[in-house]
There are 2 protein chains.
Amino acid sequence: MSEALAILWNGEPVSAIPALSRGLHYGDGVFRTLLQQRGTVIAAELQLAKLLADAAAIGIAPPPIAQLQADLAAASRFGDATVKLLLVRAGERRGYRPQTDAADRLLVVHPSPAAAGGRAIDGIRAIRSPVTLAAQPLLAGIKHLNRLEQVLASRGWPEGIDEALLGDDRGQPVCATRANLFWVRDGVLHTPALDRCGVAGVTRARVLALAAAAGIDCRIGSQPWSALLAADEAFLSGSLIGIWPLRAIDGHCYEAQRPVTQHLQSLLAHPTDLVPSNTR
Amino acid sequence: MSEALAILWNGEPVSAIPALSRGLHYGDGVFRTLLQQRGTVIAAELQLAKLLADAAAIGIAPPPIAQLQADLAAASRFGDATVKLLLVRAGERRGYRPQTDAADRLLVVHPSPAAAGGRAIDGIRAIRSPVTLAAQPLLAGIKHLNRLEQVLASRGWPEGIDEALLGDDRGQPVCATRANLFWVRDGVLHTPALDRCGVAGVTRARVLALAAAAGIDCRIGSQPWSALLAADEAFLSGSLIGIWPLRAIDGHCYEAQRPVTQHLQSLLAHPTDLVPSNTR
């Protein structure tokens, strides 16, 4: 059943978590899914900083960073792996009201996307999801455990489709189910603002920082779907996937030439460009 | 730590649930919180029907009703109790995409609100929450496990406040954190529509049915906050609380005379009118 290589709850090996955890009952927690290469998590500092910032945003106090580093150290012996780290608000009493701002930690080590099988890609095909993201500024940008929209948007993809793009209630593209969205027009890099919905990914931040450092003009802001479709290039970013060029969205195809995307791929130097078979 | 009297996972006593459950990782499930009186769950048929409808709405196939009835039978020996029943999508593989529409069942029996302590009430005081509910028609009305908005809205109530009222992005009141909202104006019973956000509670449905049967004119529709504040009476409904008259919202007080509310309270004949101390 489970494909996990290791599971630690507050540093102890487990196969189960408390049945009254607020993570299960309310989704009262945050998480990151990290790529580990030869025992080292890519961009670990940024990832932990984002995890702690997301926790603070919903009122969960950061655990000592040494505990999170100990979790990552326990994962490192698995070499190439996918590492999922959750912070869940502690407390087992019934009722929405938090009893504490303390956190339980869950670490799950999965096989790496490459080891789990997959196919090499030269860009992926996406559909536009019928699911529209709700606007909730209080939770926008945060990778929390309330992910039903992503579950609903992950169902029913046609054969050959690797992602679904989600828009907001204003008819503007926001992200993919597990990736951020970028496009390039006339040499300018665009990515949607994430102040009303969506998750502000660490790899998105790295791409923006690399692009700025490379002298590429970057614009963060919401635009209509037509802007995405009129782009010269488009791609997705994520901590597991790195950069995935978009070959097509529904019936619309992008040019095979992608100079800016390739430039950013080379700068990001992500170790895999596989579409993992197990996370479709 | 835990106050639970019994916990069953798929009918078996447990204290923990699988660490890879989609309930924890995505909130991929639905639930009901039920009041059990002398071994019998109030409105059990309606409650199970709503649980199964909510499951179906997010693509979870209903388990055999006999299994749910067996869960309730296991709870019945605890007499007066709070019974929480969850249906969580099965499957332990990583990734948003569901691998199955089968469900795991979690039953948690807690002490009854009365046994857990509380104080008798003649109406409660509520505040208007700063949290605005996001509009997501795909999930509106469903009692699912993505409850961070309710968690955020349950924090920081001043002393003497027992509930917080939540509005939508159009500036209209919708519900309380764990109850539905009604008001009465000129003898007409009003309650917000729940097609964009909020949970369509079973006790709300029972109140509407009883009111209609009693010849009370009922109107379901969204209205501005001013309509709620201009009402002659206002109350909350919930499966644990029955009907809670609203004495005040922020600084606004309602009349102590509540003929329609009292009529509906007598028709609903809910066994408790305590504010439980453990679920505030």
# chains A, B, ... in the order shown; residues from 1 in each chain; ligands from 1
>>> interface_residues(of="chain A", to="chain B", cutoff="8 Å", atoms="only C-alpha atoms", output="VMD selection string")
chain A and resid 1 to 3 7 14 to 20 23 to 28 58 91 to 98 131 to 136 138 145 to 148 150 to 152 154 to 155 278 to 280
>>> select_by_dssp(residues="region 6-239 of chain A", states="strand (DSSP E or B)", output="PyMOL selection string")
chain A and resi 6-9+12-13+16-18+29-37+40-41+81-89+103-111+118-120+124-132+141+144+163-167+173-176+179-185+188-191+199+218-220+233-238
>>> write_last_selection(atoms="C-alpha atoms", output="short mmCIF file (atom, residue, chain, number, x, y, z; two decimals), in the first residue's frame")
data_model
loop_
_atom_site.label_atom_id
_atom_site.label_comp_id
_atom_site.auth_asym_id
_atom_site.auth_seq_id
_atom_site.Cartn_x
_atom_site.Cartn_y
_atom_site.Cartn_z
CA ALA A 6 10.33 6.29 6.43
CA ILE A 7 7.79 8.11 8.56
CA LEU A 8 8.73 10.10 11.68
CA TRP A 9 6.25 11.75 14.05
CA GLU A 12 10.06 8.93 16.25
CA PRO A 13 9.43 6.21 13.63
CA ALA A 16 0.26 6.07 12.31
CA ILE A 17 -0.54 9.45 13.82
CA PRO A 18 -2.94 10.37 16.63
CA GLY A 29 -1.21 22.64 9.48
CA VAL A 30 1.24 23.41 6.71
CA PHE A 31 3.70 21.39 4.66
CA ARG A 32 6.48 21.29 2.10
CA THR A 33 7.35 18.60 -0.42
CA LEU A 34 11.08 18.61 -1.07
CA LEU A 35 13.45 17.02 -3.52
CA GLN A 36 16.45 15.36 -1.92
CA GLN A 37 19.44 14.60 -4.10
CA THR A 40 20.76 16.84 0.43
CA VAL A 41 17.47 18.68 0.13
CA ALA A 81 14.22 10.90 -2.28
CA THR A 82 11.08 12.97 -1.99
CA VAL A 83 10.81 14.41 1.51
CA LYS A 84 7.50 15.69 2.83
CA LEU A 85 7.55 17.75 6.01
CA LEU A 86 4.35 18.73 7.83
CA LEU A 87 3.78 21.00 10.82
CA VAL A 88 0.42 20.26 12.40
CA ARG A 89 -1.06 22.22 15.27
CA ALA A 103 3.26 21.97 16.47
CA ASP A 104 3.63 18.26 15.85
CA ARG A 105 6.08 17.35 13.09
CA LEU A 106 5.52 14.67 10.49
CA LEU A 107 8.31 13.64 8.13
CA VAL A 108 7.59 11.25 5.27
CA VAL A 109 10.35 10.02 2.98
CA HIS A 110 9.17 8.72 -0.40
CA PRO A 111 11.23 7.35 -3.26
CA GLY A 118 8.73 8.30 -15.11
CA ARG A 119 9.45 9.42 -18.61
CA ALA A 120 11.84 12.02 -19.88
CA ILE A 124 4.24 18.78 -20.96
CA ARG A 125 0.65 19.20 -22.03
CA ALA A 126 -1.82 20.82 -19.64
CA ILE A 127 -5.53 21.36 -19.59
CA ARG A 128 -7.45 24.24 -18.13
CA SER A 129 -9.27 22.87 -15.09
CA PRO A 130 -12.98 23.43 -14.63
CA VAL A 131 -12.14 24.05 -10.95
CA THR A 132 -11.89 27.73 -10.05
CA GLY A 141 0.26 31.89 -0.75
CA HIS A 144 -1.63 24.47 4.13
CA GLU A 163 -1.14 19.05 -15.31
CA ALA A 164 -4.26 21.14 -14.97
CA LEU A 165 -4.17 24.92 -14.77
CA LEU A 166 -6.40 26.67 -12.29
CA GLY A 167 -7.85 30.13 -12.55
CA PRO A 173 -4.86 31.95 -14.51
CA VAL A 174 -3.15 31.36 -11.15
CA CYS A 175 -1.21 28.09 -11.03
CA ALA A 176 -1.29 24.36 -11.74
CA ALA A 179 3.15 23.95 -9.60
CA ASN A 180 3.42 27.66 -10.18
CA LEU A 181 2.89 29.21 -13.58
CA PHE A 182 5.10 31.47 -15.67
CA TRP A 183 5.02 32.80 -19.18
CA VAL A 184 7.28 34.88 -21.38
CA ARG A 185 6.17 37.58 -23.79
CA VAL A 188 9.51 39.66 -20.22
CA LEU A 189 8.82 36.97 -17.61
CA HIS A 190 5.32 37.01 -16.13
CA THR A 191 3.83 35.13 -13.19
CA VAL A 199 0.60 28.76 -3.23
CA CYS A 218 10.01 40.11 -14.31
CA ARG A 219 6.41 41.16 -13.74
CA ILE A 220 4.21 39.74 -11.00
CA GLU A 233 6.81 30.58 -23.91
CA ALA A 234 5.15 29.17 -20.82
CA PHE A 235 6.34 26.89 -18.05
CA LEU A 236 5.54 25.48 -14.63
CA SER A 237 7.80 25.49 -11.59
CA GLY A 238 7.84 23.27 -8.54
#
>>> select_by_dssp(residues="region 104-214 of chain B", states="alpha helix (DSSP H)", output="NGL selection string")
:B and (148-153 or 202-213)
>>> write_last_selection(atoms="N, CA and C atoms", output="PDB file, in the first residue's frame")
ATOM      1  N   LEU B 148      -9.848  25.296   7.814  1.00  0.00           N
ATOM      2  CA  LEU B 148      -8.954  26.334   8.336  1.00  0.00           C
ATOM      3  C   LEU B 148      -9.654  27.673   8.546  1.00  0.00           C
ATOM      4  N   GLU B 149     -10.622  27.990   7.692  1.00  0.00           N
ATOM      5  CA  GLU B 149     -11.335  29.256   7.897  1.00  0.00           C
ATOM      6  C   GLU B 149     -12.019  29.264   9.270  1.00  0.00           C
ATOM      7  N   GLN B 150     -12.591  28.119   9.639  1.00  0.00           N
ATOM      8  CA  GLN B 150     -13.274  28.044  10.929  1.00  0.00           C
ATOM      9  C   GLN B 150     -12.260  28.116  12.076  1.00  0.00           C
ATOM     10  N   VAL B 151     -11.113  27.489  11.883  1.00  0.00           N
ATOM     11  CA  VAL B 151     -10.071  27.563  12.911  1.00  0.00           C
ATOM     12  C   VAL B 151      -9.643  29.014  13.111  1.00  0.00           C
ATOM     13  N   LEU B 152      -9.374  29.712  12.014  1.00  0.00           N
ATOM     14  CA  LEU B 152      -8.936  31.107  12.123  1.00  0.00           C
ATOM     15  C   LEU B 152     -10.016  31.968  12.776  1.00  0.00           C
ATOM     16  N   ALA B 153     -11.274  31.692  12.447  1.00  0.00           N
ATOM     17  CA  ALA B 153     -12.371  32.512  12.981  1.00  0.00           C
ATOM     18  C   ALA B 153     -12.694  32.171  14.428  1.00  0.00           C
ATOM     19  N   VAL B 202     -27.724  19.796   9.045  1.00  0.00           N
ATOM     20  CA  VAL B 202     -28.929  18.978   9.173  1.00  0.00           C
ATOM     21  C   VAL B 202     -29.944  19.681  10.086  1.00  0.00           C
ATOM     22  N   THR B 203     -29.472  20.313  11.149  1.00  0.00           N
ATOM     23  CA  THR B 203     -30.426  20.986  12.040  1.00  0.00           C
ATOM     24  C   THR B 203     -31.045  22.195  11.344  1.00  0.00           C
ATOM     25  N   ARG B 204     -30.286  22.859  10.498  1.00  0.00           N
ATOM     26  CA  ARG B 204     -30.870  23.928   9.659  1.00  0.00           C
ATOM     27  C   ARG B 204     -32.016  23.364   8.827  1.00  0.00           C
ATOM     28  N   ALA B 205     -31.792  22.218   8.204  1.00  0.00           N
ATOM     29  CA  ALA B 205     -32.853  21.616   7.381  1.00  0.00           C
ATOM     30  C   ALA B 205     -34.059  21.247   8.241  1.00  0.00           C
ATOM     31  N   ARG B 206     -33.789  20.750   9.448  1.00  0.00           N
ATOM     32  CA  ARG B 206     -34.898  20.374  10.332  1.00  0.00           C
ATOM     33  C   ARG B 206     -35.680  21.616  10.777  1.00  0.00           C
ATOM     34  N   VAL B 207     -34.966  22.687  11.086  1.00  0.00           N
ATOM     35  CA  VAL B 207     -35.639  23.924  11.497  1.00  0.00           C
ATOM     36  C   VAL B 207     -36.517  24.446  10.349  1.00  0.00           C
ATOM     37  N   LEU B 208     -35.979  24.425   9.140  1.00  0.00           N
ATOM     38  CA  LEU B 208     -36.763  24.906   7.995  1.00  0.00           C
ATOM     39  C   LEU B 208     -37.998  24.038   7.780  1.00  0.00           C
ATOM     40  N   ALA B 209     -37.829  22.728   7.927  1.00  0.00           N
ATOM     41  CA  ALA B 209     -38.969  21.830   7.730  1.00  0.00           C
ATOM     42  C   ALA B 209     -40.021  22.041   8.814  1.00  0.00           C
ATOM     43  N   LEU B 210     -39.562  22.189  10.053  1.00  0.00           N
ATOM     44  CA  LEU B 210     -40.509  22.403  11.154  1.00  0.00           C
ATOM     45  C   LEU B 210     -41.233  23.746  10.990  1.00  0.00           C
ATOM     46  N   ALA B 211     -40.496  24.761  10.598  1.00  0.00           N
ATOM     47  CA  ALA B 211     -41.113  26.080  10.429  1.00  0.00           C
ATOM     48  C   ALA B 211     -42.168  26.032   9.327  1.00  0.00           C
ATOM     49  N   ALA B 212     -41.827  25.393   8.230  1.00  0.00           N
ATOM     50  CA  ALA B 212     -42.794  25.303   7.136  1.00  0.00           C
ATOM     51  C   ALA B 212     -44.033  24.539   7.585  1.00  0.00           C
ATOM     52  N   ALA B 213     -43.813  23.451   8.303  1.00  0.00           N
ATOM     53  CA  ALA B 213     -44.946  22.654   8.786  1.00  0.00           C
ATOM     54  C   ALA B 213     -45.805  23.451   9.755  1.00  0.00           C
TER      55      ALA B 213
END
